[in-house]
Amino acid sequence: MKGSLRKFDTPLFFLYIAPWLIGFALFFLIPFGTSVFYAFTDARLPGSVDYNFVGLDNFIDMFNNPIFGKSLFNTFYFVVIGVPVVTTGMLLLAMLLNLNVKGIAVFRAFYYLPTLVPIVATVIIWKLVFNSEFGILNAVLSTFGMAKTDWLGGEHTIKPVIIILQVWISGSGVLIFLAALKNVPKHLYEAAHIDGAGRFRNFFHITLPMISPSILFVVIIQTMYNFQLFTEALLLSRGGPNYAAYTFVYNIYKSAFTDLRFNMAMTQSIFLFALISLITFVLMKLSNRFVYYESEK
Amino acid sequence: MNKPQSNGLKTLGKYLILTVALALFVGPLIWMLSTMLKTKAETYEFPPSIIPNPITVESFERLFSVQPLMWTWIGNSFTISILIVIGAVISSSIVAYGFSRFQTNHRKYLFPIVLATLMIPPSIMMIPSYVLFTKLDWIDTWLPLIVPAWLGGAYYIFLFRQFFMTIPHELDEATYLDGGGRWVVYSKVIMPLSKPIVVTTVIFAFVNSWLDFLGPFLYLKDNAKFTLSVGLQLLIGQTSQDLPSLSAGAFISIIPIALLFLFAQRYIVEGVVLTGSKG
């Protein structure tokens with residue numbers, strides 16, 4: 001009985017997983033293959049029929065465009081400054097929400113709420129709060145005697161404003177850290193207490209090492225996200241002012257839909273893919289030195 | 001004698017920090033509600049007031065009269081989300097069944113590929129997918145949003161498979177003895193036992209679809225086909241000076257998710273912790 005079933009397992013297996021196989025081929029393999037192909041041609045539009053192979057011209061073009069450097073700089077800003085700020089914010093919030101007081105569940109729910117706000121609504125709220133004329137932030141600051149600031153229109157303020165927005169919607173990372181904090185064995189703190197360790201030593205010698213796998217996980221996800229930062233920059237300030245929020249993916253979007261150079265957009269996408277893969281790989285390799293796994297399963 | 005008092009102070013301090021931080025987090029939402037209930041004129045006052053005077057809902061009337069498509073967009077968002085939810089549950093559970101119950105060597109390398117697709121940065125697929133959908137003549141239709149959901153999402157396949165692994169194989173064997181085949185096991189044994197994971201998938205697929213902005217923004221051109229998010233984005237451009245109406249629009253887009261969160265918080269929290277996805 002069992003044997004007869006097993007004989008037909010392989011064809012049936014492929015029948016059951018067929019939806020995924022088709023989806024994988026159609027929505028990943030084919031588009032990805034096409035993009036590699038486009039990157040070496042002069043096909044500017046999605047439907048281009050007449051095209052020539054141009055070798056590495058698109059890549060050379062990409063590096064020679066001054067906007068490329070700017071967008072790369074902005075993106076690295078969001079990775080190098082944004083990721084540590086957002087991750088630290090998540091960890092602090094998680095520690096705050098790990099406090100053992102009554103009603104903490106209600107606090108947790110309210111902290112998570114902004115994370116579930118659709119991004120367009122988030123941007124509307126951000127435009128209200130940071131509005132230079134009528135926003136609540138400038139109103140609060142003016143009671144402390146500070147002059148009105150044009151947060152969204154300022155070349156030096158737009159990037160920090162986006163990073164603050166990311167902290168506001170960082171509930172998922174907070175939940176991950178919260179779960180990790182709850183998994184740190186209590187007896188470790190008790191033992192440290194007997195040894196006379198203080199709060200700081202507890203944090204750096206017990207908490208941080210014990211939750212380091214979660215930190216790596218969150219850092220990698222946030223790094224990948226910030227390399228691809230786009231919607232926030234698009235909706236808050238259209239990449240401006242003066243290209244201050246012009247991220248790499250924003251540049252890809254403009255190449256395709258404003259410049260109508262899909263081949264350039266594909267070239268940039270491939271470059272970004274290589275960059276993200278490389279950085280993720282380096283992060284994983286480096287992490288071997290810092291991440292502590294209690295049980296290697 | 002001293003200890004309870006200092007503990008009480010400590011607790012008070014904890015609540016104080018929690019409340020201050022909470023004010024920073026919920027403050028922007030309260031500011032949105034406040035703006036939504038103001039007259040247009042009151043939003044131009046400085047310094048602004050938190051409690052509107054008078055409290056009015058005329059922002060909603062303006063919103064729906066300036067943008068008559070609001071109801072269409074809300075309907076579109078629900079229709080698309082529901083179609084995505086149904087597709088995600090059916091296709092992902094079938095694929096997951098394949099990956100959890102079949103004896104074949106192909107499982108060993110194919111399942112890691114499923115998981116690997118979770119690591120692909122979505123933005124690098126943005127332009128290639130657009131080109132594909134152009135060639136398929138799917139631009140300005142809902143197909144690019146709905147069809148992929150019907151072809152199994154890696155994340156949901158993973159969730160379903162994890163759950164199916166916990167269902168004892170004896171139940172399958174018993175069904176085979178009764179003369180049932182693979183499909184009977186899937187539809188009559190496995191799925192009825194999988195309600196918790198179906199609920200999780202329904203919630204996550206709905207939230208994901210409701211929160212999706214980039215997909216509808218790139219693929220839909222005709223205003224009447226827009227989802228609520230893309231419609232609101234259009235509204236930001238059209239009535240950027242009408243802050244109460246914009247707030248009202250933002251508020252409407254938050255309600256379905258907020259209600260879902262209220263009733264299904266446990267599922268959302270568990271799902272996030274498991275995979276780190278926002279939902």
# chains A, B, ... in the order shown; residues from 1 in each chain; ligands from 1
>>> residues_around(residues="B:Ile30", least_positions_apart="5", cutoff="12 Å", atoms="only C-alpha atoms", output="count of residues only")
19
>>> select_by_dssp(residues="stretch 223-266 of chain B", states="alpha helix (DSSP H)", output="PDB file with all heavy atoms, in the first residue's frame")
ATOM      1  N   LEU B 228      -7.177  52.322  -1.902  1.00  0.00           N
ATOM      2  CA  LEU B 228      -7.307  53.480  -1.029  1.00  0.00           C
ATOM      3  C   LEU B 228      -5.965  54.191  -0.821  1.00  0.00           C
ATOM      4  O   LEU B 228      -5.881  55.421  -0.873  1.00  0.00           O
ATOM      5  CB  LEU B 228      -7.900  53.042   0.319  1.00  0.00           C
ATOM      6  CG  LEU B 228      -8.199  54.152   1.324  1.00  0.00           C
ATOM      7  CD1 LEU B 228      -9.065  55.235   0.715  1.00  0.00           C
ATOM      8  CD2 LEU B 228      -8.867  53.581   2.565  1.00  0.00           C
ATOM      9  N   SER B 229      -4.894  53.409  -0.626  1.00  0.00           N
ATOM     10  CA  SER B 229      -3.576  54.009  -0.400  1.00  0.00           C
ATOM     11  C   SER B 229      -3.139  54.868  -1.582  1.00  0.00           C
ATOM     12  O   SER B 229      -2.673  55.995  -1.408  1.00  0.00           O
ATOM     13  CB  SER B 229      -2.526  52.927  -0.151  1.00  0.00           C
ATOM     14  OG  SER B 229      -2.516  52.553   1.204  1.00  0.00           O
ATOM     15  N   VAL B 230      -3.294  54.329  -2.784  1.00  0.00           N
ATOM     16  CA  VAL B 230      -2.863  55.078  -3.969  1.00  0.00           C
ATOM     17  C   VAL B 230      -3.773  56.297  -4.165  1.00  0.00           C
ATOM     18  O   VAL B 230      -3.323  57.376  -4.547  1.00  0.00           O
ATOM     19  CB  VAL B 230      -2.859  54.176  -5.216  1.00  0.00           C
ATOM     20  CG1 VAL B 230      -2.339  54.933  -6.423  1.00  0.00           C
ATOM     21  CG2 VAL B 230      -1.985  52.967  -4.984  1.00  0.00           C
ATOM     22  N   GLY B 231      -5.064  56.111  -3.867  1.00  0.00           N
ATOM     23  CA  GLY B 231      -5.993  57.232  -3.952  1.00  0.00           C
ATOM     24  C   GLY B 231      -5.617  58.352  -2.994  1.00  0.00           C
ATOM     25  O   GLY B 231      -5.618  59.530  -3.368  1.00  0.00           O
ATOM     26  N   LEU B 232      -5.245  57.973  -1.775  1.00  0.00           N
ATOM     27  CA  LEU B 232      -4.847  58.986  -0.788  1.00  0.00           C
ATOM     28  C   LEU B 232      -3.607  59.733  -1.254  1.00  0.00           C
ATOM     29  O   LEU B 232      -3.472  60.935  -1.036  1.00  0.00           O
ATOM     30  CB  LEU B 232      -4.562  58.328   0.566  1.00  0.00           C
ATOM     31  CG  LEU B 232      -5.760  57.900   1.399  1.00  0.00           C
ATOM     32  CD1 LEU B 232      -5.290  57.312   2.726  1.00  0.00           C
ATOM     33  CD2 LEU B 232      -6.686  59.080   1.657  1.00  0.00           C
ATOM     34  N   GLN B 233      -2.717  58.991  -1.910  1.00  0.00           N
ATOM     35  CA  GLN B 233      -1.497  59.615  -2.412  1.00  0.00           C
ATOM     36  C   GLN B 233      -1.858  60.674  -3.449  1.00  0.00           C
ATOM     37  O   GLN B 233      -1.285  61.761  -3.476  1.00  0.00           O
ATOM     38  CB  GLN B 233      -0.596  58.520  -3.001  1.00  0.00           C
ATOM     39  CG  GLN B 233       0.732  58.981  -3.507  1.00  0.00           C
ATOM     40  CD  GLN B 233       0.701  59.306  -4.993  1.00  0.00           C
ATOM     41  OE1 GLN B 233      -0.217  58.908  -5.695  1.00  0.00           O
ATOM     42  NE2 GLN B 233       1.687  60.051  -5.446  1.00  0.00           N
ATOM     43  N   LEU B 234      -2.857  60.366  -4.275  1.00  0.00           N
ATOM     44  CA  LEU B 234      -3.348  61.335  -5.259  1.00  0.00           C
ATOM     45  C   LEU B 234      -3.935  62.549  -4.542  1.00  0.00           C
ATOM     46  O   LEU B 234      -3.734  63.696  -4.939  1.00  0.00           O
ATOM     47  CB  LEU B 234      -4.414  60.655  -6.114  1.00  0.00           C
ATOM     48  CG  LEU B 234      -4.979  61.424  -7.310  1.00  0.00           C
ATOM     49  CD1 LEU B 234      -3.944  61.511  -8.413  1.00  0.00           C
ATOM     50  CD2 LEU B 234      -6.238  60.734  -7.833  1.00  0.00           C
ATOM     51  N   LEU B 235      -4.656  62.252  -3.454  1.00  0.00           N
ATOM     52  CA  LEU B 235      -5.319  63.298  -2.674  1.00  0.00           C
ATOM     53  C   LEU B 235      -4.300  64.266  -2.057  1.00  0.00           C
ATOM     54  O   LEU B 235      -4.538  65.476  -1.998  1.00  0.00           O
ATOM     55  CB  LEU B 235      -6.136  62.631  -1.564  1.00  0.00           C
ATOM     56  CG  LEU B 235      -7.303  63.421  -1.007  1.00  0.00           C
ATOM     57  CD1 LEU B 235      -8.404  63.506  -2.045  1.00  0.00           C
ATOM     58  CD2 LEU B 235      -7.813  62.763   0.262  1.00  0.00           C
ATOM     59  N   ILE B 236      -3.157  63.727  -1.611  1.00  0.00           N
ATOM     60  CA  ILE B 236      -2.122  64.589  -1.027  1.00  0.00           C
ATOM     61  C   ILE B 236      -1.755  65.675  -2.028  1.00  0.00           C
ATOM     62  O   ILE B 236      -1.601  66.839  -1.684  1.00  0.00           O
ATOM     63  CB  ILE B 236      -0.861  63.784  -0.631  1.00  0.00           C
ATOM     64  CG1 ILE B 236      -1.177  62.797   0.491  1.00  0.00           C
ATOM     65  CG2 ILE B 236       0.255  64.724  -0.178  1.00  0.00           C
ATOM     66  CD1 ILE B 236       0.015  61.954   0.938  1.00  0.00           C
ATOM     67  N   GLY B 237      -1.660  65.269  -3.315  1.00  0.00           N
ATOM     68  CA  GLY B 237      -1.329  66.239  -4.341  1.00  0.00           C
ATOM     69  C   GLY B 237      -2.468  67.207  -4.627  1.00  0.00           C
ATOM     70  O   GLY B 237      -2.240  68.387  -4.870  1.00  0.00           O
ATOM     71  N   GLN B 238      -3.712  66.690  -4.563  1.00  0.00           N
ATOM     72  CA  GLN B 238      -4.860  67.523  -4.951  1.00  0.00           C
ATOM     73  C   GLN B 238      -5.263  68.540  -3.885  1.00  0.00           C
ATOM     74  O   GLN B 238      -5.595  69.678  -4.193  1.00  0.00           O
ATOM     75  CB  GLN B 238      -6.066  66.618  -5.249  1.00  0.00           C
ATOM     76  CG  GLN B 238      -5.960  65.908  -6.589  1.00  0.00           C
ATOM     77  CD  GLN B 238      -7.093  64.929  -6.790  1.00  0.00           C
ATOM     78  OE1 GLN B 238      -7.744  64.509  -5.833  1.00  0.00           O
ATOM     79  NE2 GLN B 238      -7.330  64.560  -8.038  1.00  0.00           N
ATOM     80  N   LEU B 243      -5.940  70.145   5.433  1.00  0.00           N
ATOM     81  CA  LEU B 243      -5.374  69.191   6.382  1.00  0.00           C
ATOM     82  C   LEU B 243      -6.429  68.308   7.067  1.00  0.00           C
ATOM     83  O   LEU B 243      -6.195  67.106   7.236  1.00  0.00           O
ATOM     84  CB  LEU B 243      -4.518  69.923   7.430  1.00  0.00           C
ATOM     85  CG  LEU B 243      -3.383  70.781   6.837  1.00  0.00           C
ATOM     86  CD1 LEU B 243      -2.614  71.485   7.942  1.00  0.00           C
ATOM     87  CD2 LEU B 243      -2.435  69.933   6.005  1.00  0.00           C
ATOM     88  N   PRO B 244      -7.607  68.842   7.446  1.00  0.00           N
ATOM     89  CA  PRO B 244      -8.607  67.955   8.061  1.00  0.00           C
ATOM     90  C   PRO B 244      -9.054  66.839   7.120  1.00  0.00           C
ATOM     91  O   PRO B 244      -9.185  65.684   7.552  1.00  0.00           O
ATOM     92  CB  PRO B 244      -9.775  68.897   8.382  1.00  0.00           C
ATOM     93  CG  PRO B 244      -9.153  70.230   8.509  1.00  0.00           C
ATOM     94  CD  PRO B 244      -8.029  70.255   7.520  1.00  0.00           C
ATOM     95  N   SER B 245      -9.263  67.141   5.841  1.00  0.00           N
ATOM     96  CA  SER B 245      -9.690  66.099   4.905  1.00  0.00           C
ATOM     97  C   SER B 245      -8.615  65.030   4.730  1.00  0.00           C
ATOM     98  O   SER B 245      -8.919  63.829   4.674  1.00  0.00           O
ATOM     99  CB  SER B 245     -10.022  66.696   3.538  1.00  0.00           C
ATOM    100  OG  SER B 245     -11.199  67.443   3.639  1.00  0.00           O
ATOM    101  N   LEU B 246      -7.360  65.473   4.624  1.00  0.00           N
ATOM    102  CA  LEU B 246      -6.271  64.496   4.509  1.00  0.00           C
ATOM    103  C   LEU B 246      -6.230  63.595   5.740  1.00  0.00           C
ATOM    104  O   LEU B 246      -6.057  62.379   5.628  1.00  0.00           O
ATOM    105  CB  LEU B 246      -4.923  65.219   4.350  1.00  0.00           C
ATOM    106  CG  LEU B 246      -4.604  65.766   2.966  1.00  0.00           C
ATOM    107  CD1 LEU B 246      -3.273  66.499   2.990  1.00  0.00           C
ATOM    108  CD2 LEU B 246      -4.556  64.625   1.955  1.00  0.00           C
ATOM    109  N   SER B 247      -6.408  64.201   6.920  1.00  0.00           N
ATOM    110  CA  SER B 247      -6.417  63.410   8.153  1.00  0.00           C
ATOM    111  C   SER B 247      -7.563  62.421   8.143  1.00  0.00           C
ATOM    112  O   SER B 247      -7.401  61.267   8.570  1.00  0.00           O
ATOM    113  CB  SER B 247      -6.559  64.316   9.380  1.00  0.00           C
ATOM    114  OG  SER B 247      -5.590  65.319   9.346  1.00  0.00           O
ATOM    115  N   ALA B 248      -8.724  62.882   7.669  1.00  0.00           N
ATOM    116  CA  ALA B 248      -9.880  61.989   7.599  1.00  0.00           C
ATOM    117  C   ALA B 248      -9.569  60.802   6.696  1.00  0.00           C
ATOM    118  O   ALA B 248      -9.885  59.652   7.021  1.00  0.00           O
ATOM    119  CB  ALA B 248     -11.104  62.746   7.098  1.00  0.00           C
ATOM    120  N   GLY B 249      -8.933  61.068   5.556  1.00  0.00           N
ATOM    121  CA  GLY B 249      -8.554  59.996   4.636  1.00  0.00           C
ATOM    122  C   GLY B 249      -7.589  59.016   5.287  1.00  0.00           C
ATOM    123  O   GLY B 249      -7.760  57.797   5.196  1.00  0.00           O
ATOM    124  N   ALA B 250      -6.573  59.559   5.972  1.00  0.00           N
ATOM    125  CA  ALA B 250      -5.609  58.707   6.668  1.00  0.00           C
ATOM    126  C   ALA B 250      -6.324  57.859   7.709  1.00  0.00           C
ATOM    127  O   ALA B 250      -6.085  56.656   7.831  1.00  0.00           O
ATOM    128  CB  ALA B 250      -4.525  59.555   7.329  1.00  0.00           C
ATOM    129  N   PHE B 251      -7.238  58.499   8.439  1.00  0.00           N
ATOM    130  CA  PHE B 251      -7.995  57.805   9.484  1.00  0.00           C
ATOM    131  C   PHE B 251      -8.762  56.613   8.904  1.00  0.00           C
ATOM    132  O   PHE B 251      -8.707  55.503   9.431  1.00  0.00           O
ATOM    133  CB  PHE B 251      -8.951  58.791  10.159  1.00  0.00           C
ATOM    134  CG  PHE B 251      -9.845  58.175  11.192  1.00  0.00           C
ATOM    135  CD1 PHE B 251      -9.332  57.781  12.421  1.00  0.00           C
ATOM    136  CD2 PHE B 251     -11.199  57.997  10.952  1.00  0.00           C
ATOM    137  CE1 PHE B 251     -10.152  57.217  13.386  1.00  0.00           C
ATOM    138  CE2 PHE B 251     -12.025  57.427  11.913  1.00  0.00           C
ATOM    139  CZ  PHE B 251     -11.500  57.035  13.126  1.00  0.00           C
ATOM    140  N   ILE B 252      -9.447  56.861   7.779  1.00  0.00           N
ATOM    141  CA  ILE B 252     -10.243  55.780   7.164  1.00  0.00           C
ATOM    142  C   ILE B 252      -9.337  54.605   6.779  1.00  0.00           C
ATOM    143  O   ILE B 252      -9.692  53.441   6.968  1.00  0.00           O
ATOM    144  CB  ILE B 252     -10.996  56.312   5.925  1.00  0.00           C
ATOM    145  CG1 ILE B 252     -12.075  57.294   6.376  1.00  0.00           C
ATOM    146  CG2 ILE B 252     -11.617  55.172   5.126  1.00  0.00           C
ATOM    147  CD1 ILE B 252     -12.736  58.052   5.246  1.00  0.00           C
ATOM    148  N   SER B 253      -8.129  54.925   6.274  1.00  0.00           N
ATOM    149  CA  SER B 253      -7.254  53.838   5.819  1.00  0.00           C
ATOM    150  C   SER B 253      -6.698  53.035   6.991  1.00  0.00           C
ATOM    151  O   SER B 253      -6.247  51.906   6.821  1.00  0.00           O
ATOM    152  CB  SER B 253      -6.108  54.395   4.967  1.00  0.00           C
ATOM    153  OG  SER B 253      -5.150  55.018   5.788  1.00  0.00           O
ATOM    154  N   ILE B 254      -6.719  53.626   8.181  1.00  0.00           N
ATOM    155  CA  ILE B 254      -6.186  52.927   9.359  1.00  0.00           C
ATOM    156  C   ILE B 254      -7.232  52.012   9.995  1.00  0.00           C
ATOM    157  O   ILE B 254      -6.899  50.957  10.540  1.00  0.00           O
ATOM    158  CB  ILE B 254      -5.675  53.951  10.410  1.00  0.00           C
ATOM    159  CG1 ILE B 254      -4.503  54.733   9.842  1.00  0.00           C
ATOM    160  CG2 ILE B 254      -5.256  53.259  11.696  1.00  0.00           C
ATOM    161  CD1 ILE B 254      -4.090  55.917  10.701  1.00  0.00           C
ATOM    162  N   ILE B 255      -8.523  52.398   9.896  1.00  0.00           N
ATOM    163  CA  ILE B 255      -9.592  51.698  10.646  1.00  0.00           C
ATOM    164  C   ILE B 255      -9.583  50.167  10.468  1.00  0.00           C
ATOM    165  O   ILE B 255      -9.551  49.441  11.467  1.00  0.00           O
ATOM    166  CB  ILE B 255     -10.995  52.245  10.279  1.00  0.00           C
ATOM    167  CG1 ILE B 255     -11.107  53.691  10.751  1.00  0.00           C
ATOM    168  CG2 ILE B 255     -12.090  51.426  10.948  1.00  0.00           C
ATOM    169  CD1 ILE B 255     -12.387  54.360  10.283  1.00  0.00           C
ATOM    170  N   PRO B 256      -9.597  49.640   9.212  1.00  0.00           N
ATOM    171  CA  PRO B 256      -9.687  48.174   9.087  1.00  0.00           C
ATOM    172  C   PRO B 256      -8.555  47.450   9.808  1.00  0.00           C
ATOM    173  O   PRO B 256      -8.789  46.445  10.486  1.00  0.00           O
ATOM    174  CB  PRO B 256      -9.604  47.932   7.571  1.00  0.00           C
ATOM    175  CG  PRO B 256      -9.998  49.228   6.961  1.00  0.00           C
ATOM    176  CD  PRO B 256      -9.538  50.292   7.895  1.00  0.00           C
ATOM    177  N   ILE B 257      -7.329  47.982   9.678  1.00  0.00           N
ATOM    178  CA  ILE B 257      -6.182  47.324  10.305  1.00  0.00           C
ATOM    179  C   ILE B 257      -6.262  47.458  11.820  1.00  0.00           C
ATOM    180  O   ILE B 257      -5.976  46.509  12.554  1.00  0.00           O
ATOM    181  CB  ILE B 257      -4.863  47.961   9.799  1.00  0.00           C
ATOM    182  CG1 ILE B 257      -4.799  47.904   8.284  1.00  0.00           C
ATOM    183  CG2 ILE B 257      -3.666  47.276  10.407  1.00  0.00           C
ATOM    184  CD1 ILE B 257      -4.476  46.563   7.747  1.00  0.00           C
ATOM    185  N   ALA B 258      -6.657  48.623  12.286  1.00  0.00           N
ATOM    186  CA  ALA B 258      -6.751  48.834  13.728  1.00  0.00           C
ATOM    187  C   ALA B 258      -7.778  47.893  14.345  1.00  0.00           C
ATOM    188  O   ALA B 258      -7.546  47.308  15.402  1.00  0.00           O
ATOM    189  CB  ALA B 258      -7.095  50.291  14.030  1.00  0.00           C
ATOM    190  N   LEU B 259      -8.919  47.724  13.665  1.00  0.00           N
ATOM    191  CA  LEU B 259      -9.957  46.810  14.166  1.00  0.00           C
ATOM    192  C   LEU B 259      -9.432  45.378  14.206  1.00  0.00           C
ATOM    193  O   LEU B 259      -9.614  44.651  15.179  1.00  0.00           O
ATOM    194  CB  LEU B 259     -11.205  46.877  13.275  1.00  0.00           C
ATOM    195  CG  LEU B 259     -12.088  48.110  13.453  1.00  0.00           C
ATOM    196  CD1 LEU B 259     -13.273  48.054  12.501  1.00  0.00           C
ATOM    197  CD2 LEU B 259     -12.569  48.218  14.896  1.00  0.00           C
ATOM    198  N   LEU B 260      -8.748  45.004  13.116  1.00  0.00           N
ATOM    199  CA  LEU B 260      -8.186  43.660  13.036  1.00  0.00           C
ATOM    200  C   LEU B 260      -7.202  43.436  14.182  1.00  0.00           C
ATOM    201  O   LEU B 260      -7.193  42.389  14.829  1.00  0.00           O
ATOM    202  CB  LEU B 260      -7.491  43.493  11.684  1.00  0.00           C
ATOM    203  CG  LEU B 260      -7.321  42.089  11.165  1.00  0.00           C
ATOM    204  CD1 LEU B 260      -8.661  41.433  10.949  1.00  0.00           C
ATOM    205  CD2 LEU B 260      -6.558  42.110   9.847  1.00  0.00           C
ATOM    206  N   PHE B 261      -6.373  44.434  14.431  1.00  0.00           N
ATOM    207  CA  PHE B 261      -5.371  44.354  15.495  1.00  0.00           C
ATOM    208  C   PHE B 261      -6.042  44.191  16.848  1.00  0.00           C
ATOM    209  O   PHE B 261      -5.593  43.430  17.707  1.00  0.00           O
ATOM    210  CB  PHE B 261      -4.506  45.608  15.469  1.00  0.00           C
ATOM    211  CG  PHE B 261      -3.374  45.589  16.458  1.00  0.00           C
ATOM    212  CD1 PHE B 261      -2.451  44.559  16.459  1.00  0.00           C
ATOM    213  CD2 PHE B 261      -3.231  46.608  17.379  1.00  0.00           C
ATOM    214  CE1 PHE B 261      -1.401  44.539  17.366  1.00  0.00           C
ATOM    215  CE2 PHE B 261      -2.190  46.592  18.290  1.00  0.00           C
ATOM    216  CZ  PHE B 261      -1.280  45.559  18.284  1.00  0.00           C
ATOM    217  N   LEU B 262      -7.155  44.893  17.017  1.00  0.00           N
ATOM    218  CA  LEU B 262      -7.890  44.842  18.282  1.00  0.00           C
ATOM    219  C   LEU B 262      -8.355  43.415  18.576  1.00  0.00           C
ATOM    220  O   LEU B 262      -8.268  42.933  19.699  1.00  0.00           O
ATOM    221  CB  LEU B 262      -9.091  45.781  18.188  1.00  0.00           C
ATOM    222  CG  LEU B 262      -9.745  46.229  19.482  1.00  0.00           C
ATOM    223  CD1 LEU B 262      -8.768  47.044  20.307  1.00  0.00           C
ATOM    224  CD2 LEU B 262     -10.988  47.049  19.170  1.00  0.00           C
ATOM    225  N   PHE B 263      -8.836  42.714  17.532  1.00  0.00           N
ATOM    226  CA  PHE B 263      -9.429  41.400  17.748  1.00  0.00           C
ATOM    227  C   PHE B 263      -8.446  40.254  17.532  1.00  0.00           C
ATOM    228  O   PHE B 263      -8.693  39.143  17.973  1.00  0.00           O
ATOM    229  CB  PHE B 263     -10.646  41.209  16.833  1.00  0.00           C
ATOM    230  CG  PHE B 263     -11.775  42.120  17.201  1.00  0.00           C
ATOM    231  CD1 PHE B 263     -12.136  43.167  16.360  1.00  0.00           C
ATOM    232  CD2 PHE B 263     -12.449  41.957  18.397  1.00  0.00           C
ATOM    233  CE1 PHE B 263     -13.171  44.026  16.713  1.00  0.00           C
ATOM    234  CE2 PHE B 263     -13.475  42.811  18.753  1.00  0.00           C
ATOM    235  CZ  PHE B 263     -13.837  43.851  17.914  1.00  0.00           C
ATOM    236  N   ALA B 264      -7.344  40.514  16.850  1.00  0.00           N
ATOM    237  CA  ALA B 264      -6.451  39.403  16.501  1.00  0.00           C
ATOM    238  C   ALA B 264      -5.007  39.698  16.868  1.00  0.00           C
ATOM    239  O   ALA B 264      -4.079  39.205  16.251  1.00  0.00           O
ATOM    240  CB  ALA B 264      -6.559  39.104  15.010  1.00  0.00           C
ATOM    241  N   GLN B 265      -4.823  40.492  17.914  1.00  0.00           N
ATOM    242  CA  GLN B 265      -3.477  40.916  18.302  1.00  0.00           C
ATOM    243  C   GLN B 265      -2.524  39.736  18.488  1.00  0.00           C
ATOM    244  O   GLN B 265      -1.382  39.769  18.039  1.00  0.00           O
ATOM    245  CB  GLN B 265      -3.574  41.707  19.598  1.00  0.00           C
ATOM    246  CG  GLN B 265      -2.333  42.513  19.897  1.00  0.00           C
ATOM    247  CD  GLN B 265      -2.420  43.140  21.279  1.00  0.00           C
ATOM    248  OE1 GLN B 265      -3.487  43.250  21.858  1.00  0.00           O
ATOM    249  NE2 GLN B 265      -1.285  43.540  21.799  1.00  0.00           N
ATOM    250  N   ARG B 266      -3.046  38.677  19.130  1.00  0.00           N
ATOM    251  CA  ARG B 266      -2.198  37.531  19.443  1.00  0.00           C
ATOM    252  C   ARG B 266      -1.575  36.943  18.167  1.00  0.00           C
ATOM    253  O   ARG B 266      -0.381  36.668  18.118  1.00  0.00           O
ATOM    254  CB  ARG B 266      -3.044  36.479  20.144  1.00  0.00           C
ATOM    255  CG  ARG B 266      -2.288  35.350  20.769  1.00  0.00           C
ATOM    256  CD  ARG B 266      -3.223  34.528  21.643  1.00  0.00           C
ATOM    257  NE  ARG B 266      -4.326  33.984  20.867  1.00  0.00           N
ATOM    258  CZ  ARG B 266      -4.287  32.773  20.300  1.00  0.00           C
ATOM    259  NH1 ARG B 266      -3.215  32.034  20.394  1.00  0.00           N
ATOM    260  NH2 ARG B 266      -5.336  32.314  19.635  1.00  0.00           N
TER     261      ARG B 266
END
>>> atom_distance(atom1="atom CA of B:Phe102", atom2="atom CA of B:Arg182")
9.5 Å
>>> residues_around(residues="B:Gly98", least_positions_apart="3", cutoff="12 Å", atoms="only C-alpha atoms", output="ChimeraX atom specification")
/A:9-21 /B:91-95,101-104,106-107,110-111,152,157-158,160-161,164-165,182-183,185-186,190
>>> atom_distance(atom1="atom CA of B:Pro28", atom2="atom CA of A:Asn226")
22.9 Å
>>> residues_around(residues="B:Ser81", least_positions_apart="5", cutoff="8 Å", atoms="only C-alpha atoms", output="PDB file with N, CA, C and O atoms, in the first residue's frame")
ATOM      1  N   ALA B 205      -2.210  38.019   5.261  1.00  0.00           N
ATOM      2  CA  ALA B 205      -2.405  38.333   3.847  1.00  0.00           C
ATOM      3  C   ALA B 205      -3.249  39.593   3.711  1.00  0.00           C
ATOM      4  O   ALA B 205      -2.976  40.461   2.866  1.00  0.00           O
ATOM      5  N   PHE B 206      -4.254  39.717   4.569  1.00  0.00           N
ATOM      6  CA  PHE B 206      -5.101  40.909   4.504  1.00  0.00           C
ATOM      7  C   PHE B 206      -4.308  42.160   4.866  1.00  0.00           C
ATOM      8  O   PHE B 206      -4.325  43.168   4.140  1.00  0.00           O
ATOM      9  N   SER B 209      -1.777  43.052   2.190  1.00  0.00           N
ATOM     10  CA  SER B 209      -2.398  43.605   1.001  1.00  0.00           C
ATOM     11  C   SER B 209      -2.900  45.023   1.277  1.00  0.00           C
ATOM     12  O   SER B 209      -2.752  45.918   0.448  1.00  0.00           O
ATOM     13  N   TRP B 210      -3.488  45.223   2.441  1.00  0.00           N
ATOM     14  CA  TRP B 210      -4.006  46.555   2.778  1.00  0.00           C
ATOM     15  C   TRP B 210      -2.868  47.563   2.887  1.00  0.00           C
ATOM     16  O   TRP B 210      -2.998  48.724   2.520  1.00  0.00           O
TER      17      TRP B 210
END
>>> residues_around(residues="stretch 172-174 of chain B", least_positions_apart="4", cutoff="8 Å", atoms="only C-alpha atoms", output="number ranges by chain")
B: 168, 178, 185, 189
>>> closest_residue(among="A:Thr258, A:Asn263, A:Gln166, A:Asn131", to="B:Trp31", atoms="only C-alpha atoms")
A:Asn131
>>> atom_distance(atom1="atom CA of A:Leu283", atom2="atom CA of A:Val79")
12.5 Å
>>> closest_residue(among="A:Phe200, A:Tyr111, A:Tyr293, A:Phe130", to="A:Leu236", atoms="only C-alpha atoms")
A:Phe130
